[in-house]
Amino acid sequence: MGAAGIVLRDVHKAYFKDRLEIPVLAGLNLEIAPGEFAALMGPSGSGKSTLLHLIGGLDTPTRGSVRVGDSQLESMSESALTAWRSRHVGFIFQMYHLVPVLTAAQNVELPLLLFRMASSERKRRVQTALSIVGLGDRTDHRPNQLSGGQEQRVAIARAIVTDPDVLLADEPTGDLDARTSEEILNLLNALNTEFGKTIVMVTHDPRAAGHAGRTLHLDKGVLDREEVNTRRAATASAS
Amino acid sequence: MTLPLYYNWRNLFVRKLTTLLTVAVIAVVVAALIVLLSFGSGMKRSVGGSGHPANLLVLNAGATAESTSLIWPEDARLLVQTPGAAVGPDGQPLVSLEIVVQTDVRRLRDGSSANVAVRGVDDAALAVHDQVRIHGRIFRQGAREAMVGRAAQSLYRGLNIGDRIALGRSRSHEYEIVGVFEAAGSAFESEIWAPRTMIADSYQRRFDSSAVIRLLDPGRIDEAAAYVNGPAVRLKAASEPEYYSQLSDQSQQVVYLVLGLVIIMAAGAVFAVANTMYAAVDGRRREIAMLRTLGFSRVAIVAAFLIEAAMIATMACGLGIAASLPFSGMRRDFLSPVTHSVTGFEIVITPGICLAALVAAILVGIVGAAAPAARAARTPIVRALRRG
């Protein structure tokens with residue numbers, strides 16, 4: 001699949017707690033170009049993760065529109081969103097969320113089980129995804145036999161195995177040491193530059209955000225400011 | 001699309017103790033159910049399978065069993081005119097007049113007392129009850145001799161060939177056992193048979209209990225019954241299998257009572273499964289949310305938990321069958337509330353009974369897992385991921 005652009009128009013999102021409305025996003029407008037690597041930063045409660053969930057079809061806006069590629073998400077039913085996610089989005093979480101009873105290969109294979117596909121084709125894709133993340137020799141390891149960095153690589157392999165348009169990463173290095181974080185961010189960079197994936201990454205870490213082409217700063221539910229990472233842009237244009 | 005079975009299977013052993021306890025609870029229910037069904041089917045096979053379709057059993061009007069029926073000689077004489085009656089080698093209609101009384105014997109197993117039916121018969125009995133096969137020899141008419149059914153011999157003391165048994169109102173007459181008979185596993189095998197005239201003498205009976213008329217054609221049973229029930233005779237006739245089938249149904253009441261207890265146990269097992277599956281759902285909320293994020297539907301999540309419960313139930317069924325197997329082949333007797341005599345039967349665990357137990361176990365699993373599976377499907381994805 002190719003990369004998909006993301007367009008949000010006047011997006012509002014509010015949660016209710018004890019009948020009290022808690023606004024999270026307040027009329028947010030945003031465009032992310034196909035093949036772009038964008039970082040979302042902002043203080044806690046600014047709406048970063050909520051925005052990521054809306055782009056990933058895990059949640060729907062209270063008001064406004066969310067378009068990813070050709071899909072208008074706010075008008076889709078829950079079951080349609082479920083099917084859409086399986087085809088168009090790969091998720092990477094801070095805590096990896098691997099299934100502990102499955103091996104690395106079986107974890108990566110999970111999203112492929114949603115498609116009609118020959119077992120041999122599934123195995124080939126799993127092996128390719130694990131090789132891309134540098135874990136081609138760890139296929140039979142269970143999560144508890146892997147380091148944190150390796151677990152996150154397996155999670156990335158699981159996210160890319162269906163060849164989605166968009167990768168959404170929620171604090172992907174938040175639980176990793178500096179060296180391993182750098183490795184993971186380089187891997188995301190490679191997925192963006194070499195495979196053309198549109199990536200949206202939530203992070204608190206400015207160094208992590210520095211790997212993205214653009215950093216979007218959210219505050220109080222709106223886009224406060226944005227900055228282009230010139231160093232990364234220069235690297236990308238050189239490559 | 002559902003999750004792979006190895007995912008379900010491995011998750012069962014994440015909480016080994018809880019899973020094994022649930023397996024044990026269902027296994028107890030399965031074992032109890034299997035033994036009960038085998039017990040009921042053994043009783044049914046023994047009593048319900050008795051009788052020949054061409055035999056018309058005659059009791060006096062109002063009697064519910066041979067043991068409480070009286071047929072006076074003047075009424076018995078009218079039975080030879082029953083239309084459609086078969087004729088024996090002696091040229092006489094095949095009518096077997098029989099006296100049924102009881103005697104007290106001791107069980108081999110524990111020495112407890114059991115009321116065994118004693119049937120006084122003439123030679124005609126062997127013609128109408130033609131499933132009877134004798135080992136040793138038949139008693140001689142006019143002699144105090146008896147033969148015992150195979151089930152009675154295997155369940156009670158002092159009923160082997162050569163033994164002597166005291167019969168009669170004051171147990172004053174000793175009968176020598178000269179033969180053992182089989183009767184295709186029917187209720188007759190739980191009885192002691194002796195010459196009718198000798199039993200009448202020992203028990204001071206001037207009347208018979210029942211008459212069995214062999215008909216030429218089972219299709220004429222209604223015509224024959226109409227004659228016996230009619231004004232000419234005024235007795236009560238039913239086909240022999242029908243009589244034994246009714247006896248069997250009445251004897252099954254105890255099975256239904258115990259089945260009620262098993263159902264209560266099964267309800268307990270449902271709660272055990274529910275408890276286990278609720279724990280599994282609560283422990284895997286992030287995992288469920290992640291699977292939903294990947295694109296697995298609510299139905300797939302429900303199916304995953306139902307399959308896990310079915311796996312627990314299947315394991316439990318295997319264990320329950322293994323636990324119940326030692327009961328297979330065991331011979332026991334039961335006291336009929338109608339005839340007031342005991343009937344022996346064999347507990348046989350058949351593939352059909354095992355299949356019924358498997359269905360019941362899976363039903364327990366599915367019912368128990370239904371609510372937790374529904375809760376799993378309703379897991380709010382975003383909240384579960386955030387609480388990670």
# chains A, B, ... in the order shown; residues from 1 in each chain; ligands from 1

$ interface_residues --of "chain A" --to "chain B" --cutoff "7 Å" --atoms "only C-alpha atoms" --output "ChimeraX atom specification"
/A:58,82-83,85-86,97,99,101-102,111,114

$ write_last_selection --atoms "all heavy atoms" --output "PDB file, in the first residue's frame"
ATOM      1  N   LEU A  58      -9.697   4.506  16.550  1.00  0.00           N
ATOM      2  CA  LEU A  58     -10.020   3.847  17.820  1.00  0.00           C
ATOM      3  C   LEU A  58     -11.107   4.617  18.558  1.00  0.00           C
ATOM      4  O   LEU A  58     -11.725   4.108  19.477  1.00  0.00           O
ATOM      5  CB  LEU A  58      -8.778   3.753  18.714  1.00  0.00           C
ATOM      6  CG  LEU A  58      -7.669   2.831  18.234  1.00  0.00           C
ATOM      7  CD1 LEU A  58      -6.457   2.935  19.153  1.00  0.00           C
ATOM      8  CD2 LEU A  58      -8.152   1.390  18.172  1.00  0.00           C
ATOM      9  N   THR A  82     -13.245  -1.032  12.610  1.00  0.00           N
ATOM     10  CA  THR A  82     -12.431  -2.192  12.995  1.00  0.00           C
ATOM     11  C   THR A  82     -11.774  -2.795  11.754  1.00  0.00           C
ATOM     12  O   THR A  82     -10.572  -3.082  11.746  1.00  0.00           O
ATOM     13  CB  THR A  82     -13.304  -3.247  13.707  1.00  0.00           C
ATOM     14  OG1 THR A  82     -13.927  -2.640  14.829  1.00  0.00           O
ATOM     15  CG2 THR A  82     -12.486  -4.431  14.174  1.00  0.00           C
ATOM     16  N   ALA A  83     -12.579  -2.980  10.708  1.00  0.00           N
ATOM     17  CA  ALA A  83     -12.046  -3.549   9.469  1.00  0.00           C
ATOM     18  C   ALA A  83     -11.046  -2.588   8.823  1.00  0.00           C
ATOM     19  O   ALA A  83      -9.999  -3.009   8.309  1.00  0.00           O
ATOM     20  CB  ALA A  83     -13.196  -3.858   8.514  1.00  0.00           C
ATOM     21  N   ARG A  85      -9.114  -0.356  10.302  1.00  0.00           N
ATOM     22  CA  ARG A  85      -7.841  -0.370  11.042  1.00  0.00           C
ATOM     23  C   ARG A  85      -6.947  -1.503  10.592  1.00  0.00           C
ATOM     24  O   ARG A  85      -5.744  -1.345  10.428  1.00  0.00           O
ATOM     25  CB  ARG A  85      -8.116  -0.534  12.544  1.00  0.00           C
ATOM     26  CG  ARG A  85      -8.561   0.705  13.253  1.00  0.00           C
ATOM     27  CD  ARG A  85      -8.375   0.566  14.772  1.00  0.00           C
ATOM     28  NE  ARG A  85      -9.109  -0.549  15.355  1.00  0.00           N
ATOM     29  CZ  ARG A  85     -10.370  -0.490  15.770  1.00  0.00           C
ATOM     30  NH1 ARG A  85     -11.038   0.647  15.651  1.00  0.00           N
ATOM     31  NH2 ARG A  85     -10.957  -1.529  16.294  1.00  0.00           N
ATOM     32  N   SER A  86      -7.576  -2.688  10.395  1.00  0.00           N
ATOM     33  CA  SER A  86      -6.764  -3.862  10.062  1.00  0.00           C
ATOM     34  C   SER A  86      -6.047  -3.684   8.711  1.00  0.00           C
ATOM     35  O   SER A  86      -5.005  -4.280   8.484  1.00  0.00           O
ATOM     36  CB  SER A  86      -7.641  -5.117  10.035  1.00  0.00           C
ATOM     37  OG  SER A  86      -8.540  -5.058   8.938  1.00  0.00           O
ATOM     38  N   HIS A  97       2.601  -4.139  24.152  1.00  0.00           N
ATOM     39  CA  HIS A  97       1.355  -4.906  24.085  1.00  0.00           C
ATOM     40  C   HIS A  97       1.491  -6.154  23.232  1.00  0.00           C
ATOM     41  O   HIS A  97       0.658  -6.436  22.361  1.00  0.00           O
ATOM     42  CB  HIS A  97       0.201  -4.040  23.568  1.00  0.00           C
ATOM     43  CG  HIS A  97      -0.184  -2.932  24.509  1.00  0.00           C
ATOM     44  ND1 HIS A  97       0.036  -2.983  25.863  1.00  0.00           N
ATOM     45  CD2 HIS A  97      -0.772  -1.741  24.274  1.00  0.00           C
ATOM     46  CE1 HIS A  97      -0.391  -1.873  26.420  1.00  0.00           C
ATOM     47  NE2 HIS A  97      -0.880  -1.098  25.490  1.00  0.00           N
ATOM     48  N   VAL A  99       1.428 -10.288  22.918  1.00  0.00           N
ATOM     49  CA  VAL A  99       0.705 -11.365  23.617  1.00  0.00           C
ATOM     50  C   VAL A  99       1.749 -12.279  24.244  1.00  0.00           C
ATOM     51  O   VAL A  99       2.556 -12.878  23.524  1.00  0.00           O
ATOM     52  CB  VAL A  99      -0.199 -12.152  22.639  1.00  0.00           C
ATOM     53  CG1 VAL A  99      -0.914 -13.275  23.373  1.00  0.00           C
ATOM     54  CG2 VAL A  99      -1.201 -11.217  21.978  1.00  0.00           C
ATOM     55  N   VAL A 101       1.823 -15.184  25.535  1.00  0.00           N
ATOM     56  CA  VAL A 101       1.852 -16.641  25.308  1.00  0.00           C
ATOM     57  C   VAL A 101       2.237 -16.988  23.869  1.00  0.00           C
ATOM     58  O   VAL A 101       2.336 -18.166  23.530  1.00  0.00           O
ATOM     59  CB  VAL A 101       0.485 -17.301  25.647  1.00  0.00           C
ATOM     60  CG1 VAL A 101       0.149 -17.126  27.110  1.00  0.00           C
ATOM     61  CG2 VAL A 101      -0.630 -16.754  24.768  1.00  0.00           C
ATOM     62  N   LEU A 102       2.445 -15.976  23.048  1.00  0.00           N
ATOM     63  CA  LEU A 102       2.799 -16.245  21.651  1.00  0.00           C
ATOM     64  C   LEU A 102       4.265 -15.902  21.386  1.00  0.00           C
ATOM     65  O   LEU A 102       4.826 -15.022  22.040  1.00  0.00           O
ATOM     66  CB  LEU A 102       1.909 -15.424  20.705  1.00  0.00           C
ATOM     67  CG  LEU A 102       0.405 -15.654  20.795  1.00  0.00           C
ATOM     68  CD1 LEU A 102      -0.322 -14.803  19.757  1.00  0.00           C
ATOM     69  CD2 LEU A 102       0.059 -17.124  20.600  1.00  0.00           C
ATOM     70  N   PRO A 111      -2.036  -9.895  12.918  1.00  0.00           N
ATOM     71  CA  PRO A 111      -2.871  -9.060  12.023  1.00  0.00           C
ATOM     72  C   PRO A 111      -3.144  -9.742  10.679  1.00  0.00           C
ATOM     73  O   PRO A 111      -4.164  -9.463  10.054  1.00  0.00           O
ATOM     74  CB  PRO A 111      -2.020  -7.798  11.816  1.00  0.00           C
ATOM     75  CG  PRO A 111      -0.980  -7.826  12.873  1.00  0.00           C
ATOM     76  CD  PRO A 111      -0.767  -9.241  13.236  1.00  0.00           C
ATOM     77  N   LEU A 114      -6.363 -11.854   9.905  1.00  0.00           N
ATOM     78  CA  LEU A 114      -7.627 -11.191   9.528  1.00  0.00           C
ATOM     79  C   LEU A 114      -7.821 -11.175   8.023  1.00  0.00           C
ATOM     80  O   LEU A 114      -8.849 -10.726   7.525  1.00  0.00           O
ATOM     81  CB  LEU A 114      -7.632  -9.755  10.064  1.00  0.00           C
ATOM     82  CG  LEU A 114      -7.640  -9.660  11.597  1.00  0.00           C
ATOM     83  CD1 LEU A 114      -7.169  -8.294  12.059  1.00  0.00           C
ATOM     84  CD2 LEU A 114      -9.036  -9.952  12.122  1.00  0.00           C
TER      85      LEU A 114
END

$ select_by_dssp --residues "stretch 308-337 of chain B" --states "strand (DSSP E)" --output "list in words"
Arg331, Arg332, Asp333, Phe334 and Leu335 of chain B

$ select_by_dssp --residues "stretch 120-306 of chain B" --states "alpha helix (DSSP H)" --output "ChimeraX atom specification"
/B:124-128,150-155,196-202,221-229,240-251,253-283,285-294,298-306

$ residues_around --residues "stretch 69-79 of chain A" --least-positions-apart "5" --cutoff "10 Å" --atoms "only C-alpha atoms" --output "ChimeraX atom specification"
/A:2-8,11,33-34,54-64,84-85,88,165-166 /B:295-298

$ write_last_selection --atoms "N, CA and C atoms" --output "PDB file, in the first residue's frame"
ATOM      1  N   GLY A   2       0.354   2.342  -0.516  1.00  0.00           N
ATOM      2  CA  GLY A   2       1.101   3.594  -0.498  1.00  0.00           C
ATOM      3  C   GLY A   2       0.826   4.355   0.779  1.00  0.00           C
ATOM      4  N   ALA A   3       1.448   5.532   0.916  1.00  0.00           N
ATOM      5  CA  ALA A   3       1.212   6.354   2.100  1.00  0.00           C
ATOM      6  C   ALA A   3      -0.110   7.110   1.953  1.00  0.00           C
ATOM      7  N   ALA A   4      -0.664   7.489   3.098  1.00  0.00           N
ATOM      8  CA  ALA A   4      -1.936   8.218   3.070  1.00  0.00           C
ATOM      9  C   ALA A   4      -1.777   9.540   3.793  1.00  0.00           C
ATOM     10  N   GLY A   5      -2.450  10.560   3.299  1.00  0.00           N
ATOM     11  CA  GLY A   5      -2.442  11.840   3.984  1.00  0.00           C
ATOM     12  C   GLY A   5      -3.511  11.871   5.062  1.00  0.00           C
ATOM     13  N   ILE A   6      -3.322  12.780   6.003  1.00  0.00           N
ATOM     14  CA  ILE A   6      -4.266  12.884   7.132  1.00  0.00           C
ATOM     15  C   ILE A   6      -4.762  14.332   7.202  1.00  0.00           C
ATOM     16  N   VAL A   7      -6.073  14.501   7.233  1.00  0.00           N
ATOM     17  CA  VAL A   7      -6.633  15.852   7.313  1.00  0.00           C
ATOM     18  C   VAL A   7      -7.686  15.892   8.427  1.00  0.00           C
ATOM     19  N   LEU A   8      -7.488  16.772   9.395  1.00  0.00           N
ATOM     20  CA  LEU A   8      -8.478  16.948  10.466  1.00  0.00           C
ATOM     21  C   LEU A   8      -9.037  18.358  10.380  1.00  0.00           C
ATOM     22  N   VAL A  11     -11.833  19.589  14.686  1.00  0.00           N
ATOM     23  CA  VAL A  11     -12.100  18.381  15.475  1.00  0.00           C
ATOM     24  C   VAL A  11     -12.249  18.725  16.963  1.00  0.00           C
ATOM     25  N   ALA A  33       0.943  15.341   5.435  1.00  0.00           N
ATOM     26  CA  ALA A  33       1.049  14.918   4.034  1.00  0.00           C
ATOM     27  C   ALA A  33       1.360  13.428   3.924  1.00  0.00           C
ATOM     28  N   PRO A  34       0.990  12.810   2.812  1.00  0.00           N
ATOM     29  CA  PRO A  34       1.348  11.400   2.601  1.00  0.00           C
ATOM     30  C   PRO A  34       2.870  11.245   2.678  1.00  0.00           C
ATOM     31  N   LEU A  54      -7.948   9.149  17.416  1.00  0.00           N
ATOM     32  CA  LEU A  54      -8.922   9.576  16.391  1.00  0.00           C
ATOM     33  C   LEU A  54      -8.385   9.268  14.991  1.00  0.00           C
ATOM     34  N   ILE A  55      -7.090   9.519  14.784  1.00  0.00           N
ATOM     35  CA  ILE A  55      -6.492   9.243  13.459  1.00  0.00           C
ATOM     36  C   ILE A  55      -6.505   7.735  13.195  1.00  0.00           C
ATOM     37  N   GLY A  56      -6.345   6.943  14.287  1.00  0.00           N
ATOM     38  CA  GLY A  56      -6.312   5.486  14.139  1.00  0.00           C
ATOM     39  C   GLY A  56      -7.685   4.837  14.138  1.00  0.00           C
ATOM     40  N   GLY A  57      -8.733   5.625  14.241  1.00  0.00           N
ATOM     41  CA  GLY A  57     -10.083   5.039  14.203  1.00  0.00           C
ATOM     42  C   GLY A  57     -10.422   4.256  15.459  1.00  0.00           C
ATOM     43  N   LEU A  58      -9.697   4.506  16.550  1.00  0.00           N
ATOM     44  CA  LEU A  58     -10.020   3.847  17.820  1.00  0.00           C
ATOM     45  C   LEU A  58     -11.107   4.617  18.558  1.00  0.00           C
ATOM     46  N   ASP A  59     -11.310   5.831  18.171  1.00  0.00           N
ATOM     47  CA  ASP A  59     -12.289   6.696  18.811  1.00  0.00           C
ATOM     48  C   ASP A  59     -12.859   7.610  17.730  1.00  0.00           C
ATOM     49  N   THR A  60     -13.982   8.207  18.003  1.00  0.00           N
ATOM     50  CA  THR A  60     -14.584   9.106  17.012  1.00  0.00           C
ATOM     51  C   THR A  60     -14.720  10.499  17.610  1.00  0.00           C
ATOM     52  N   PRO A  61     -14.625  11.536  16.785  1.00  0.00           N
ATOM     53  CA  PRO A  61     -14.703  12.898  17.338  1.00  0.00           C
ATOM     54  C   PRO A  61     -16.126  13.241  17.764  1.00  0.00           C
ATOM     55  N   THR A  62     -16.220  14.131  18.735  1.00  0.00           N
ATOM     56  CA  THR A  62     -17.536  14.626  19.145  1.00  0.00           C
ATOM     57  C   THR A  62     -18.104  15.496  18.017  1.00  0.00           C
ATOM     58  N   ARG A  63     -17.200  16.203  17.339  1.00  0.00           N
ATOM     59  CA  ARG A  63     -17.594  17.059  16.219  1.00  0.00           C
ATOM     60  C   ARG A  63     -16.385  17.216  15.300  1.00  0.00           C
ATOM     61  N   GLY A  64     -16.630  17.517  14.035  1.00  0.00           N
ATOM     62  CA  GLY A  64     -15.532  17.729  13.097  1.00  0.00           C
ATOM     63  C   GLY A  64     -15.269  16.497  12.253  1.00  0.00           C
ATOM     64  N   TRP A  84     -11.364  -1.302   8.887  1.00  0.00           N
ATOM     65  CA  TRP A  84     -10.480  -0.290   8.284  1.00  0.00           C
ATOM     66  C   TRP A  84      -9.100  -0.301   8.958  1.00  0.00           C
ATOM     67  N   ARG A  85      -9.114  -0.356  10.302  1.00  0.00           N
ATOM     68  CA  ARG A  85      -7.841  -0.370  11.042  1.00  0.00           C
ATOM     69  C   ARG A  85      -6.947  -1.503  10.592  1.00  0.00           C
ATOM     70  N   HIS A  88      -5.403  -0.446   7.114  1.00  0.00           N
ATOM     71  CA  HIS A  88      -4.748   0.832   6.811  1.00  0.00           C
ATOM     72  C   HIS A  88      -3.817   1.365   7.887  1.00  0.00           C
ATOM     73  N   ASP A 165      -0.927   1.981   5.419  1.00  0.00           N
ATOM     74  CA  ASP A 165      -0.606   3.309   4.897  1.00  0.00           C
ATOM     75  C   ASP A 165       0.033   4.180   5.975  1.00  0.00           C
ATOM     76  N   VAL A 166      -0.460   3.985   7.194  1.00  0.00           N
ATOM     77  CA  VAL A 166      -0.093   4.897   8.288  1.00  0.00           C
ATOM     78  C   VAL A 166       0.412   4.101   9.490  1.00  0.00           C
TER      79      VAL A 166
ATOM     80  N   GLY B 295      -7.678  -5.080  14.753  1.00  0.00           N
ATOM     81  CA  GLY B 295      -8.780  -5.300  13.806  1.00  0.00           C
ATOM     82  C   GLY B 295      -9.612  -6.536  14.103  1.00  0.00           C
ATOM     83  N   PHE B 296      -9.337  -7.213  15.224  1.00  0.00           N
ATOM     84  CA  PHE B 296     -10.189  -8.355  15.586  1.00  0.00           C
ATOM     85  C   PHE B 296     -11.533  -7.820  16.093  1.00  0.00           C
ATOM     86  N   SER B 297     -12.594  -8.421  15.598  1.00  0.00           N
ATOM     87  CA  SER B 297     -13.935  -7.922  15.907  1.00  0.00           C
ATOM     88  C   SER B 297     -14.361  -8.351  17.312  1.00  0.00           C
ATOM     89  N   ARG B 298     -15.461  -7.774  17.766  1.00  0.00           N
ATOM     90  CA  ARG B 298     -16.037  -8.193  19.061  1.00  0.00           C
ATOM     91  C   ARG B 298     -16.398  -9.673  19.027  1.00  0.00           C
TER      92      ARG B 298
END

$ residues_around --residues "B:Ala309" --least-positions-apart "5" --cutoff "12 Å" --atoms "only C-alpha atoms" --output "PyMOL selection string"
chain B and resi 8-9+11-12+19+22-23+26+269-270+272-278+280-281+302-304+314-316+361-373

$ residues_around --residues "stretch 206-223 of chain A" --least-positions-apart "3" --cutoff "6 Å" --atoms "only C-alpha atoms" --output "PyMOL selection string"
chain A and resi 24-26+28+37-42+46-47+226-229+232-233

$ residues_around --residues "stretch 122-135 of chain B" --least-positions-apart "6" --cutoff "10 Å" --atoms "only C-alpha atoms" --output "VMD selection string"
chain B and resid 50 to 52 54 to 56 86 88 to 89 92 to 99 141 147 to 150 161 178 to 186 188 to 189 193 to 197 211 to 215

$ write_last_selection --atoms "C-alpha atoms" --output "short mmCIF file (atom, residue, chain, number, x, y, z; two decimals), in the first residue's frame"
data_model
loop_
_atom_site.label_atom_id
_atom_site.label_comp_id
_atom_site.auth_asym_id
_atom_site.auth_seq_id
_atom_site.Cartn_x
_atom_site.Cartn_y
_atom_site.Cartn_z
CA SER B 50 -38.14 -57.34 29.20
CA GLY B 51 -41.07 -59.02 27.53
CA HIS B 52 -41.94 -60.47 24.14
CA ALA B 54 -46.35 -61.54 21.10
CA ASN B 55 -46.97 -62.06 24.82
CA LEU B 56 -50.09 -60.73 26.48
CA ALA B 86 -50.69 -69.85 19.99
CA GLY B 88 -48.23 -75.59 22.31
CA PRO B 89 -46.85 -79.05 21.32
CA GLN B 92 -53.22 -76.70 24.33
CA PRO B 93 -53.23 -72.87 24.05
CA LEU B 94 -49.93 -71.41 25.28
CA VAL B 95 -51.04 -69.84 28.56
CA SER B 96 -48.52 -69.64 31.38
CA LEU B 97 -50.10 -69.16 34.81
CA GLU B 98 -47.57 -67.70 37.20
CA ILE B 99 -47.36 -66.93 40.91
CA GLN B 141 -42.40 -80.30 38.45
CA MET B 147 -33.41 -72.24 39.26
CA VAL B 148 -32.08 -68.71 39.62
CA GLY B 149 -31.48 -65.91 37.15
CA ARG B 150 -27.90 -65.01 36.26
CA ILE B 161 -26.24 -74.63 41.82
CA VAL B 178 -30.54 -77.04 40.17
CA GLY B 179 -30.04 -74.46 37.41
CA VAL B 180 -29.06 -70.94 36.51
CA PHE B 181 -30.79 -69.18 33.64
CA GLU B 182 -30.21 -66.23 31.38
CA ALA B 183 -33.05 -64.26 29.81
CA ALA B 184 -31.36 -61.82 27.41
CA GLY B 185 -30.49 -59.45 30.28
CA SER B 186 -34.15 -58.91 31.17
CA PHE B 188 -36.38 -62.26 34.76
CA GLU B 189 -32.65 -62.75 35.39
CA TRP B 193 -38.08 -69.69 39.42
CA ALA B 194 -39.64 -72.84 40.92
CA PRO B 195 -42.59 -75.15 40.14
CA ARG B 196 -45.88 -73.28 40.43
CA THR B 197 -47.61 -76.00 42.37
CA ALA B 211 -50.97 -65.17 33.19
CA VAL B 212 -48.88 -64.80 30.06
CA ILE B 213 -50.55 -65.73 26.79
CA ARG B 214 -48.39 -66.25 23.71
CA LEU B 215 -50.17 -65.06 20.60
#
